[in-house]
$ cat upload-v3.cif   # mmCIF, C-alpha atoms
data_upload
#
loop_
_atom_site.label_atom_id
_atom_site.label_comp_id
_atom_site.auth_asym_id
_atom_site.auth_seq_id
_atom_site.Cartn_x
_atom_site.Cartn_y
_atom_site.Cartn_z
CA MET A 9 76.00 -81.83 -5.59
CA ALA A 10 75.36 -82.45 -1.92
CA GLY A 11 75.36 -78.65 -1.29
CA LEU A 12 72.78 -78.10 -4.02
CA LYS A 13 70.60 -80.79 -2.58
CA SER A 14 70.71 -79.45 0.98
CA ARG A 15 69.93 -75.88 -0.31
CA THR A 16 66.88 -77.20 -2.16
CA VAL A 17 65.74 -78.97 0.98
CA GLN A 18 66.23 -75.70 2.93
CA THR A 19 64.18 -73.75 0.41
CA VAL A 20 61.43 -76.33 0.43
CA ILE A 21 61.39 -76.31 4.24
CA ILE A 22 61.24 -72.49 4.30
CA VAL A 23 58.45 -72.44 1.74
CA LEU A 24 56.55 -75.05 3.72
CA VAL A 25 57.08 -73.11 6.94
CA ILE A 26 55.84 -69.93 5.28
CA ILE A 27 52.82 -71.70 3.81
CA GLY A 28 52.18 -73.21 7.20
CA LEU A 29 52.44 -69.84 8.92
CA ILE A 30 50.10 -68.30 6.35
CA ALA A 31 47.68 -71.18 6.80
CA LEU A 32 47.85 -70.78 10.58
CA ALA A 33 47.37 -67.00 10.26
CA LEU A 34 44.43 -67.44 7.93
CA GLY A 35 42.99 -69.96 10.32
CA GLY A 36 43.31 -67.46 13.15
CA TYR A 37 45.69 -69.56 15.16
CA LEU A 38 48.38 -66.88 15.24
CA THR A 39 46.20 -64.08 16.67
CA PRO A 40 47.26 -64.47 20.33
CA LEU A 41 50.88 -64.67 19.22
CA SER A 42 50.63 -61.62 16.95
CA ARG A 43 49.02 -59.64 19.77
CA TYR A 44 52.04 -60.22 21.96
CA VAL A 45 54.43 -59.52 19.13
CA LEU A 46 52.67 -56.44 17.71
CA ALA A 47 51.71 -54.79 20.98
CA PRO A 48 55.11 -53.25 21.68
CA VAL A 49 55.43 -52.23 18.02
CA ILE A 50 52.07 -50.48 18.03
CA GLY A 51 52.85 -48.85 21.35
CA SER A 52 56.16 -47.58 20.06
CA GLN A 53 54.57 -46.30 16.85
CA THR A 54 51.77 -44.59 18.75
CA TRP A 55 54.22 -42.90 21.07
CA LEU A 56 56.33 -41.74 18.15
CA ALA A 57 53.34 -40.56 16.09
CA THR A 58 51.88 -38.63 19.03
CA ARG A 59 55.15 -36.86 19.67
CA PHE A 60 55.57 -36.11 15.97
CA GLN A 61 52.07 -34.72 15.65
CA ALA A 62 52.61 -32.59 18.75
CA ILE A 63 55.81 -31.18 17.30
CA GLN A 64 54.14 -30.66 13.93
CA THR A 65 51.23 -28.83 15.55
CA TYR A 66 53.65 -26.73 17.57
CA ILE A 67 55.50 -25.72 14.43
CA THR A 68 52.55 -25.16 12.10
CA ALA A 69 49.84 -23.89 14.48
CA PRO A 70 51.09 -20.30 14.95
CA ALA A 71 51.09 -19.78 11.21
CA ASP A 72 47.54 -21.11 10.98
CA LEU A 73 46.46 -19.00 13.94
CA THR A 74 47.89 -15.87 12.43
CA ARG A 75 46.22 -16.65 9.13
CA LEU A 76 42.93 -17.35 10.88
CA GLN A 77 43.16 -14.16 12.88
CA GLN A 78 43.90 -12.21 9.73
CA ARG A 79 41.01 -13.87 7.94
CA ASN A 80 38.76 -13.18 10.92
CA GLU A 81 39.69 -9.51 10.85
CA GLU A 82 39.05 -9.38 7.12
CA LEU A 83 35.65 -10.98 7.58
CA GLU A 84 34.80 -8.66 10.46
CA ALA A 85 35.76 -5.63 8.35
CA GLU A 86 33.69 -6.98 5.47
CA ASN A 87 30.81 -7.61 7.85
CA SER A 88 30.87 -4.04 9.19
CA GLN A 89 31.09 -2.71 5.66
CA LEU A 90 28.06 -4.79 4.68
CA GLN A 91 26.22 -3.64 7.80
CA SER A 92 26.87 0.01 6.93
CA GLN A 93 25.76 -0.72 3.37
CA ILE A 94 22.53 -2.21 4.72
CA ILE A 95 21.93 0.91 6.84
CA THR A 96 22.62 3.19 3.85
CA LEU A 97 20.34 1.14 1.63
CA LYS A 98 17.60 1.17 4.26
CA GLN A 99 17.91 4.95 4.50
CA GLN A 100 17.78 5.23 0.72
CA LEU A 101 14.77 2.93 0.63
CA SER A 102 13.04 5.02 3.28
CA GLU A 103 13.82 8.24 1.41
CA THR A 104 12.72 6.69 -1.87
CA SER A 105 9.39 5.63 -0.39
CA ILE A 106 8.89 9.14 1.04
CA LEU A 107 9.75 10.71 -2.30
CA GLN A 108 7.50 8.21 -4.08
CA ALA A 109 4.63 9.23 -1.81
CA LEU A 110 5.36 12.91 -2.47
CA VAL A 111 5.48 12.31 -6.23
CA ASP A 112 2.17 10.45 -6.02
CA PHE A 113 0.73 13.36 -4.07
CA ALA A 114 1.98 15.82 -6.68
CA ARG A 115 0.46 13.69 -9.47
CA VAL A 116 -2.89 13.61 -7.70
CA ASN A 117 -2.81 17.42 -7.38
CA PRO A 118 -1.46 18.51 -10.78
CA GLU A 119 -2.83 22.04 -10.43
CA ASN A 120 -0.07 22.88 -7.96
CA ARG A 121 3.65 23.35 -8.53
CA TYR A 122 5.90 21.95 -5.85
CA VAL A 123 9.43 22.36 -4.57
CA ALA A 124 10.71 19.56 -2.35
CA ALA A 125 12.84 20.49 0.64
CA ARG A 126 14.59 18.61 3.39
CA VAL A 127 13.92 19.51 7.02
CA ILE A 128 17.29 20.45 8.50
CA GLY A 129 16.37 21.58 11.98
CA ARG A 130 13.83 22.87 14.45
CA ASP A 131 13.46 26.20 16.19
CA PRO A 132 15.78 26.46 19.21
CA SER A 133 12.89 27.68 21.37
CA PRO A 134 10.73 24.85 22.70
CA PHE A 135 7.72 27.19 22.81
CA LEU A 136 7.65 27.55 19.04
CA GLN A 137 6.76 24.90 16.49
CA TYR A 138 8.87 25.85 13.52
CA VAL A 139 11.14 23.82 11.27
CA LEU A 140 14.03 24.93 9.10
CA ILE A 141 14.20 23.70 5.50
CA ASN A 142 17.07 23.71 3.02
CA ARG A 143 15.34 25.72 0.27
CA GLY A 144 15.02 29.48 0.10
CA SER A 145 14.28 32.41 -2.15
CA ASP A 146 16.84 31.14 -4.70
CA ASP A 147 14.51 28.16 -5.24
CA GLY A 148 11.45 30.38 -5.67
CA LEU A 149 10.17 30.21 -2.11
CA ARG A 150 8.25 33.19 -0.75
CA ARG A 151 6.78 34.02 2.62
CA GLY A 152 3.30 32.58 3.12
CA MET A 153 3.60 29.62 0.75
CA PRO A 154 1.82 26.51 2.04
CA VAL A 155 3.90 23.49 3.01
CA VAL A 156 2.55 19.94 2.73
CA THR A 157 3.57 16.30 2.76
CA SER A 158 1.81 13.36 1.15
CA GLN A 159 -0.13 12.94 4.42
CA GLY A 160 -1.45 16.47 4.59
CA LEU A 161 -0.88 20.06 5.63
CA VAL A 162 2.34 20.92 7.48
CA GLY A 163 2.27 24.71 7.72
CA ARG A 164 3.46 27.70 5.78
CA VAL A 165 6.69 29.49 5.05
CA ALA A 166 7.23 32.14 7.73
CA ALA A 167 10.65 33.52 6.81
CA VAL A 168 12.97 33.07 3.85
CA THR A 169 16.67 33.52 3.23
CA ALA A 170 18.52 32.81 -0.02
CA GLY A 171 19.21 29.16 0.76
CA ALA A 172 16.90 28.27 3.64
CA ALA A 173 13.49 29.01 5.05
CA ARG A 174 11.61 28.75 8.33
CA VAL A 175 8.23 27.03 8.28
CA GLN A 176 5.57 27.67 10.88
CA LEU A 177 3.86 24.37 11.62
CA ILE A 178 0.10 24.26 12.06
CA THR A 179 0.80 22.97 15.60
CA ASP A 180 2.43 26.30 16.58
CA ALA A 181 0.55 28.22 19.24
CA ALA A 182 0.28 31.28 16.98
CA SER A 183 -1.05 29.33 14.01
CA ALA A 184 -4.70 29.52 12.94
CA VAL A 185 -6.09 27.74 9.87
CA ASN A 186 -9.62 28.01 8.52
CA VAL A 187 -10.91 24.49 8.03
CA ARG A 188 -13.97 22.60 6.90
CA LEU A 189 -15.22 19.36 8.43
CA GLU A 190 -16.40 16.54 6.21
CA PRO A 191 -19.04 15.21 5.86
CA SER A 192 -20.87 17.67 8.13
CA GLY A 193 -19.54 20.65 6.16
CA ALA A 194 -19.08 22.74 9.31
CA GLN A 195 -16.56 25.58 9.23
CA ALA A 196 -14.06 25.98 12.07
CA VAL A 197 -10.69 27.43 13.01
CA LEU A 198 -7.81 25.07 13.70
CA GLN A 199 -5.41 26.27 16.38
CA GLY A 200 -2.08 24.99 17.57
CA SER A 201 -0.69 25.14 21.08
CA ALA A 202 2.61 25.33 22.93
CA THR A 203 2.49 21.57 23.47
CA GLY A 204 1.86 20.88 19.79
CA ASP A 205 -1.73 19.70 20.19
CA LEU A 206 -4.33 20.75 17.63
CA SER A 207 -7.80 21.95 18.54
CA LEU A 208 -10.82 23.20 16.64
CA ASP A 209 -12.62 26.33 17.71
CA MET A 210 -15.54 28.36 16.37
CA ILE A 211 -17.59 25.31 15.35
CA PRO A 212 -21.19 26.58 15.22
CA GLN A 213 -23.47 25.10 17.88
CA GLU A 214 -26.01 24.02 15.27
CA ALA A 215 -23.44 21.97 13.35
CA SER A 216 -23.81 18.23 13.93
CA VAL A 217 -20.18 17.21 14.02
CA GLU A 218 -19.24 13.59 14.67
CA ILE A 219 -16.02 12.12 16.01
CA GLY A 220 -13.89 10.82 13.16
CA GLU A 221 -14.83 13.55 10.71
CA LEU A 222 -12.16 14.64 8.28
CA VAL A 223 -10.62 18.09 8.70
CA LEU A 224 -9.73 19.87 5.45
CA THR A 225 -8.55 23.38 4.71
CA SER A 226 -11.46 25.58 3.63
CA GLY A 227 -9.44 28.16 1.73
CA LEU A 228 -11.17 30.99 3.58
CA GLY A 229 -8.90 33.87 4.54
CA GLY A 230 -6.64 33.20 1.58
CA ASN A 231 -3.75 31.77 3.58
CA TYR A 232 -4.03 28.17 2.39
CA PRO A 233 -5.46 26.46 -0.69
CA ALA A 234 -8.72 24.59 -0.11
CA ASP A 235 -9.15 20.84 0.39
CA ILE A 236 -5.78 19.92 1.88
CA VAL A 237 -6.13 17.18 4.49
CA VAL A 238 -5.29 18.33 8.02
CA GLY A 239 -6.46 15.51 10.29
CA GLN A 240 -9.40 13.90 11.97
CA VAL A 241 -11.72 14.93 14.82
CA THR A 242 -10.95 12.80 17.88
CA ASN A 243 -12.89 14.51 20.63
CA LEU A 244 -15.82 16.92 20.72
CA ARG A 245 -16.81 19.33 23.52
CA SER A 246 -20.20 20.92 23.25
CA ARG A 247 -21.89 22.86 26.07
CA ASP A 248 -25.13 24.76 25.82
CA THR A 249 -23.60 27.74 27.62
CA ASP A 250 -20.85 28.17 25.04
CA LEU A 251 -21.24 30.08 21.80
CA PHE A 252 -19.26 27.52 19.83
CA GLN A 253 -18.35 23.87 19.99
CA LYS A 254 -14.72 22.80 20.42
CA ALA A 255 -12.91 19.69 19.27
CA SER A 256 -9.53 18.01 19.36
CA VAL A 257 -7.84 16.99 16.16
CA GLN A 258 -5.44 14.18 15.42
CA PRO A 259 -3.10 15.57 12.73
CA ALA A 260 -2.60 13.56 9.56
CA VAL A 261 1.09 14.43 9.56
CA ASP A 262 3.46 13.03 12.17
CA PHE A 263 5.10 16.27 13.26
CA ARG A 264 7.77 14.49 15.29
CA GLN A 265 9.30 13.14 12.11
CA ILE A 266 9.08 15.19 8.95
CA PRO A 267 12.13 14.42 6.80
CA ILE A 268 10.99 15.96 3.50
CA VAL A 269 8.25 18.48 2.69
CA LEU A 270 6.72 19.99 -0.42
CA ILE A 271 6.20 23.72 -0.81
CA ILE A 272 3.36 24.80 -3.09
CA THR A 273 5.07 27.54 -5.05
CA ASN A 274 2.22 28.66 -7.30
CA PHE A 275 -0.02 29.64 -4.39
CA ARG A 276 0.10 33.26 -3.35
CA PRO A 277 -1.53 34.03 0.01
CA VAL A 278 -4.07 36.83 -0.01
CA ASP A 279 -3.53 39.63 2.46
CA VAL A 280 -7.02 40.41 3.75
CA SER A 281 -5.88 42.66 6.59
CA PRO A 282 -6.78 45.94 4.75
CA LEU A 283 -10.33 44.62 4.40
CA ILE A 284 -10.75 43.98 8.13
CA PRO A 285 -12.53 46.97 9.68
CA THR A 286 -10.67 48.73 12.47
CA PRO A 287 -12.34 50.63 15.35
CA ASN A 288 -10.95 54.00 14.17
CA ALA A 289 -11.91 53.53 10.53
CA PRO A 290 -14.38 56.08 9.12
CA MET B 28 39.99 39.20 21.64
CA THR B 29 40.71 35.55 20.80
CA ALA B 30 38.28 34.42 23.50
CA THR B 31 35.57 36.66 22.07
CA LEU B 32 36.17 35.50 18.49
CA LEU B 33 36.17 31.89 19.61
CA ALA B 34 32.58 32.35 20.74
CA ILE B 35 31.42 32.52 17.11
CA PRO B 36 32.55 29.03 15.99
CA ILE B 37 31.87 27.43 19.36
CA LEU B 38 28.40 28.85 19.93
CA GLY B 39 27.62 28.55 16.21
CA SER B 40 28.48 24.84 16.25
CA LEU B 41 26.43 24.34 19.40
CA LEU B 42 23.47 26.12 17.81
CA ILE B 43 23.67 23.88 14.73
CA LEU B 44 23.85 20.85 17.01
CA GLN B 45 20.92 22.17 19.00
CA THR B 46 18.63 22.86 16.04
CA ALA B 47 19.60 19.78 14.02
CA VAL B 48 19.88 17.16 16.76
CA PHE B 49 18.90 18.18 20.29
CA SER B 50 15.66 19.90 19.24
CA GLN B 51 14.59 16.63 17.63
CA LEU B 52 15.09 14.77 20.91
CA PRO B 53 12.61 16.40 23.27
CA LEU B 54 11.69 15.28 26.74
CA LEU B 55 7.91 15.76 26.73
CA ARG B 56 8.06 19.12 24.88
CA GLY B 57 11.21 20.44 26.52
CA THR B 58 14.53 20.66 24.68
CA THR B 59 18.13 21.35 25.62
CA ASP B 60 19.44 24.92 25.33
CA LEU B 61 23.08 24.13 24.57
CA VAL B 62 23.99 27.74 23.81
CA MET B 63 22.69 28.96 27.16
CA VAL B 64 24.43 26.18 29.08
CA ALA B 65 27.71 26.96 27.28
CA ILE B 66 27.39 30.67 28.06
CA ILE B 67 26.74 29.88 31.73
CA ALA B 68 29.66 27.45 31.89
CA TRP B 69 31.93 30.07 30.30
CA SER B 70 30.74 32.86 32.60
CA LEU B 71 31.42 30.77 35.71
CA GLN B 72 35.11 30.21 34.86
CA LYS B 73 36.99 32.47 37.26
CA SER B 74 39.64 33.57 34.76
CA VAL B 75 37.14 34.49 32.02
CA LYS B 76 36.65 38.17 31.21
CA THR B 77 34.56 37.86 28.04
CA ALA B 78 31.29 36.50 29.47
CA TRP B 79 29.21 39.49 28.31
CA GLN B 80 30.57 39.21 24.77
CA TRP B 81 29.69 35.50 24.70
CA GLY B 82 26.17 36.37 25.87
CA ILE B 83 25.72 38.90 23.07
CA ILE B 84 27.17 36.62 20.37
CA GLY B 85 25.10 33.64 21.56
CA GLY B 86 21.95 35.74 21.69
CA LEU B 87 22.62 37.15 18.24
CA LEU B 88 23.15 33.71 16.71
CA VAL B 89 19.99 32.32 18.30
CA SER B 90 18.06 35.44 17.23
CA LEU B 91 19.01 34.70 13.63
CA SER B 92 17.61 31.18 13.71
CA THR B 93 14.57 31.43 15.97
CA ALA B 94 11.11 32.79 15.32
CA LEU B 95 11.15 34.56 18.69
CA PRO B 96 11.16 38.38 18.42
CA PHE B 97 14.61 39.53 17.36
CA GLY B 98 16.77 40.54 20.31
CA LEU B 99 14.84 38.55 22.88
CA PRO B 100 17.50 35.81 23.12
CA ILE B 101 20.18 38.53 23.52
CA ILE B 102 18.32 40.05 26.46
CA GLY B 103 17.73 36.61 27.95
CA TYR B 104 21.35 35.52 27.67
CA LEU B 105 22.65 38.84 29.04
CA LEU B 106 20.42 38.38 32.07
CA VAL B 107 21.78 34.85 32.42
CA VAL B 108 25.38 36.11 32.18
CA GLY B 109 24.70 38.71 34.87
CA MET B 110 23.21 36.09 37.13
CA ALA B 111 26.12 33.70 36.50
CA LEU B 112 28.72 36.39 37.26
CA LEU B 113 26.89 37.19 40.48
CA LEU B 114 26.95 33.53 41.42
CA ARG B 115 30.64 33.31 40.54
CA GLN B 116 31.37 35.99 43.11
CA ARG B 117 29.10 34.50 45.79
CA VAL B 118 29.61 30.76 45.35
CA TRP B 119 33.13 30.79 43.94
CA GLN B 120 34.36 27.96 46.16
CA VAL B 121 31.83 25.45 44.81
CA PRO B 122 31.77 26.00 41.03
CA ILE B 123 29.72 22.86 40.30
CA LEU B 124 27.00 24.04 42.66
CA ALA B 125 27.12 27.44 40.99
CA MET B 126 26.79 25.72 37.59
CA PHE B 127 23.69 23.82 38.69
CA VAL B 128 22.08 26.86 40.29
CA ALA B 129 22.89 29.04 37.27
CA THR B 130 21.49 26.46 34.84
CA PHE B 131 18.34 26.13 36.93
CA LEU B 132 17.82 29.89 37.18
CA GLY B 133 18.98 30.51 33.60
CA THR B 134 16.36 28.13 32.22
CA LEU B 135 13.70 29.86 34.29
CA ILE B 136 14.79 33.34 33.21
CA THR B 137 15.03 32.65 29.47
CA GLN B 138 11.81 30.64 29.29
CA ALA B 139 9.81 33.03 31.47
CA LEU B 140 10.98 35.88 29.25
CA ALA B 141 9.95 33.93 26.12
CA VAL B 142 6.49 33.12 27.53
CA LEU B 143 5.96 36.73 28.63
CA VAL B 144 6.88 38.17 25.26
CA LEU B 145 4.91 35.56 23.29
CA ARG B 146 1.83 36.19 25.39
CA PHE B 147 2.33 39.92 24.98
CA THR B 148 2.52 39.50 21.20
CA GLY B 149 -0.76 37.60 21.13
CA THR B 150 0.27 33.95 21.24
CA SER B 151 -1.94 32.00 23.58
CA LEU B 152 0.25 29.99 25.96
CA ALA B 153 -1.12 28.25 29.02
CA TRP B 154 1.16 28.88 32.01
CA LEU B 155 0.70 25.57 33.77
CA GLU B 156 0.98 23.55 30.57
CA SER B 157 4.10 25.47 29.58
CA VAL B 158 5.76 24.85 32.94
CA ASN B 159 4.84 21.16 33.12
CA MET B 160 5.44 20.19 29.52
CA ILE B 161 8.26 22.53 28.49
CA THR B 162 10.09 24.38 31.27
CA LEU B 163 10.61 21.54 33.76
CA PRO B 164 11.72 18.97 31.15
CA SER B 165 14.00 21.59 29.54
CA MET B 166 15.50 22.32 32.95
CA LEU B 167 16.23 18.65 33.52
CA LEU B 168 17.88 18.30 30.11
CA ASN B 169 19.95 21.44 30.67
CA LEU B 170 21.10 20.14 34.07
CA VAL B 171 22.15 16.87 32.44
CA VAL B 172 24.47 18.66 29.99
CA ALA B 173 25.64 21.22 32.57
CA ILE B 174 28.52 19.17 34.02
CA PRO B 175 30.15 18.10 30.72
CA ALA B 176 29.73 21.66 29.43
CA TYR B 177 31.42 23.08 32.55
CA ALA B 178 34.31 20.63 32.23
CA LEU B 179 34.85 21.28 28.52
CA LEU B 180 34.67 25.06 28.79
CA GLY B 181 36.87 24.90 31.88
CA ASP B 182 39.54 23.22 29.74
CA LEU B 183 39.10 25.90 27.10
CA ALA B 184 39.41 28.67 29.70
CA ARG B 185 42.58 27.13 31.16
CA TRP B 186 44.03 26.90 27.64
CA LEU B 187 43.16 30.51 26.85
CA TYR B 188 44.05 31.95 30.25
CA PRO B 189 46.91 29.81 31.67
CA GLU B 190 47.46 30.40 35.39
CA GLU B 191 50.78 31.95 36.33
CA LEU B 192 52.75 29.89 38.80
CA VAL B 193 54.37 31.83 41.66
CA VAL B 194 57.79 30.31 42.43
#
$ encode --input "upload-v3.cif" --output "structure tokens"
Amino acid sequence: MAGLKSRTVQTVIIVLVIIGLIALALGGYLTPLSRYVLAPVIGSQTWLATRFQAIQTYITAPADLTRLQQRNEELEAENSQLQSQIITLKQQLSETSILQALVDFARVNPENRYVAARVIGRDPSPFLQYVLINRGSDDGLRRGMPVVTSQGLVGRVAAVTAGAARVQLITDAASAVNVRLEPSGAQAVLQGSATGDLSLDMIPQEASVEIGELVLTSGLGGNYPADIVVGQVTNLRSRDTDLFQKASVQPAVDFRQIPIVLIITNFRPVDVSPLIPTPNAP
Amino acid sequence: MTATLLAIPILGSLLILQTAVFSQLPLLRGTTDLVMVAIIAWSLQKSVKTAWQWGIIGGLLVSLSTALPFGLPIIGYLLVVGMALLLRQRVWQVPILAMFVATFLGTLITQALAVLVLRFTGTSLAWLESVNMITLPSMLLNLVVAIPAYALLGDLARWLYPEELVV
């Protein structure tokens, strides 16, 4: 009985002590004490946690690094693939816009029949302004057929093989095209040069030509159809002592870059050479 | 025989490269003559005995693709081969110098021949303009490719004509 009583007293005392401690803790009276008590515990835990994290990082990091490197390589490969796709698409877009312009040109001039050809090279000699195209006699091309782009006149077919042809550009030094100037209506001869510049000769002195006039094929001579745009007059030289005026022409076509051309296949050049009188002719 | 036959794919590939790529990259109006530079580089290799054949094949291939009168490139390249062989005998101790001199003179010979014939056939070409805008830039471009061409064709010549070691 005495044992039971003392145990009850002990329990009551413990409960009271606990309640007291809780009350002291809630009142903030135990804070300095807890700081001293918890400080070594926190220090120990921090030390242990730091070491554990270091070990964990040491063990798991290489796997992550390898995975990241692999992922990086994958992304880089995907990136280069996308870049090449962008380049291809840009090329396709550029080609499509060129073809669209050529189709528009063909629609505007329905009287002509066209064959499109890709420019695959230039003449090896720097003195000659010729380009090679990937269409030939198998595609209906014949010598003398005019070659155009949506911008204007390019030249004419100079030589043909079964699968390719050589086109003499109007900028070639040996090229001469009969042209008409608009709006003055003056007739002239367009000549190329070794440097690729275009000039107009044989403009009559009485013609009142202005800078900026449009140069179109006249159709005279039978080598080219009429009314194909060639370029624009940029400079005029007129002297009283000369028989004719001369002019410089800015071509409508950019001859440095001609990716695709159209060949007018239903135009047959007229050979007028038998009609030209020779000195020995009766 | 192998060395002669090899000229067809090598010079043919160079001609394709020249017409498709190098002709589209002019300096002023001048362009690189890869075929001529290759023929010069081949002719200057001391063990080579097929320089004339390379000149003919190169000239024939260019004749087929250019609008110049047929045979003119053959004559031009044969003159270049002759000049290169002469230089090989005279300046054999300094092959790089010979390569530069031959490229310089070769460009002059082939382009002067082209201008002469074109003028003769009625094409109006201004001399000064041609020299300033075409010949000098072409010469510079040819000199730029002369050294790599000499090195590459030197390797080919050593592979085709291995030197015998005297023990």
$ interface_residues --input "upload-v3.cif" --of "chain B" --to "chain A" --cutoff "9 Å" --atoms "all atoms listed in the file" --output "PyMOL selection string"
chain B and resi 42-43+45-51+53+55-60+89+92-95+138+141-142+145+149-153+156-157+160-162+165
$ atom_distance --input "upload-v3.cif" --atom1 "atom CA of Val217 of chain A" --atom2 "atom CA of Ala194 of chain A"
7.3 Å
$ resolve_selection --input "upload-v3.cif" --expression "the PyMOL selection byres ((chain B and resi 171-181) around 7)" --output "NGL selection string"
:B and (64-65 or 68-69 or 72 or 126-127 or 167-170 or 182-185)
$ atom_distance --input "upload-v3.cif" --atom1 "atom CA of Val23 of chain A" --atom2 "atom CA of Tyr37 of chain A"
18.7 Å
$ resolve_selection --input "upload-v3.cif" --expression "the PyMOL selection byres ((chain B and resi 188) around 10)" --output "PyMOL selection string"
chain B and resi 30+73-76+182-187+189-191
$ resolve_selection --input "upload-v3.cif" --expression "the PyMOL selection byres ((chain A and resi 119) around 12)" --output "list in words"
Phe113, Ala114, Arg115, Val116, Asn117, Pro118, Asn120, Arg121, Tyr122, Pro233, Ile272, Thr273, Asn274 and Phe275 of chain A
$ closest_residue --input "upload-v3.cif" --among "B:Val158, B:Val107, B:Leu52, B:Ile66" --to "Ala34 of chain B" --atoms "only C-alpha atoms"
B:Ile66
$ residues_around --input "upload-v3.cif" --residues "Ile136 of chain B" --least-positions-apart "3" --cutoff "8 Å" --atoms "all atoms listed in the file" --output "CSV table (one decimal) with C-alpha atoms, in the coordinates of the input"
chain,number,residue,atom,x,y,z
B,103,GLY,CA,17.7,36.6,28.0
B,106,LEU,CA,20.4,38.4,32.1
B,107,VAL,CA,21.8,34.8,32.4
B,132,LEU,CA,17.8,29.9,37.2
B,133,GLY,CA,19.0,30.5,33.6
B,139,ALA,CA,9.8,33.0,31.5
B,140,LEU,CA,11.0,35.9,29.2
$ atom_distance --input "upload-v3.cif" --atom1 "atom CA of Val144 of chain B" --atom2 "atom CA of Asp205 of chain A"
21.0 Å
$ residues_near_point --input "upload-v3.cif" --point "(21.9, 29.3, 40.4)" --cutoff "10 Å" --atoms "all atoms listed in the file" --output "list in words"
Ile67, Val107, Met110, Ala111, Leu113, Leu114, Arg115, Val118, Leu124, Ala125, Met126, Phe127, Val128, Ala129, Thr130, Phe131, Leu132, Gly133 and Thr134 of chain B
$ closest_residue --input "upload-v3.cif" --among "B:Leu143, B:Val62, B:Leu112, B:Ile102" --to "Ile83 of chain B" --atoms "all atoms listed in the file"
B:Ile102
$ closest_residue --input "upload-v3.cif" --among "A:Ala33, A:Val278, A:Val20, A:Ala260" --to "Val162 of chain A" --atoms "only C-alpha atoms"
A:Ala260
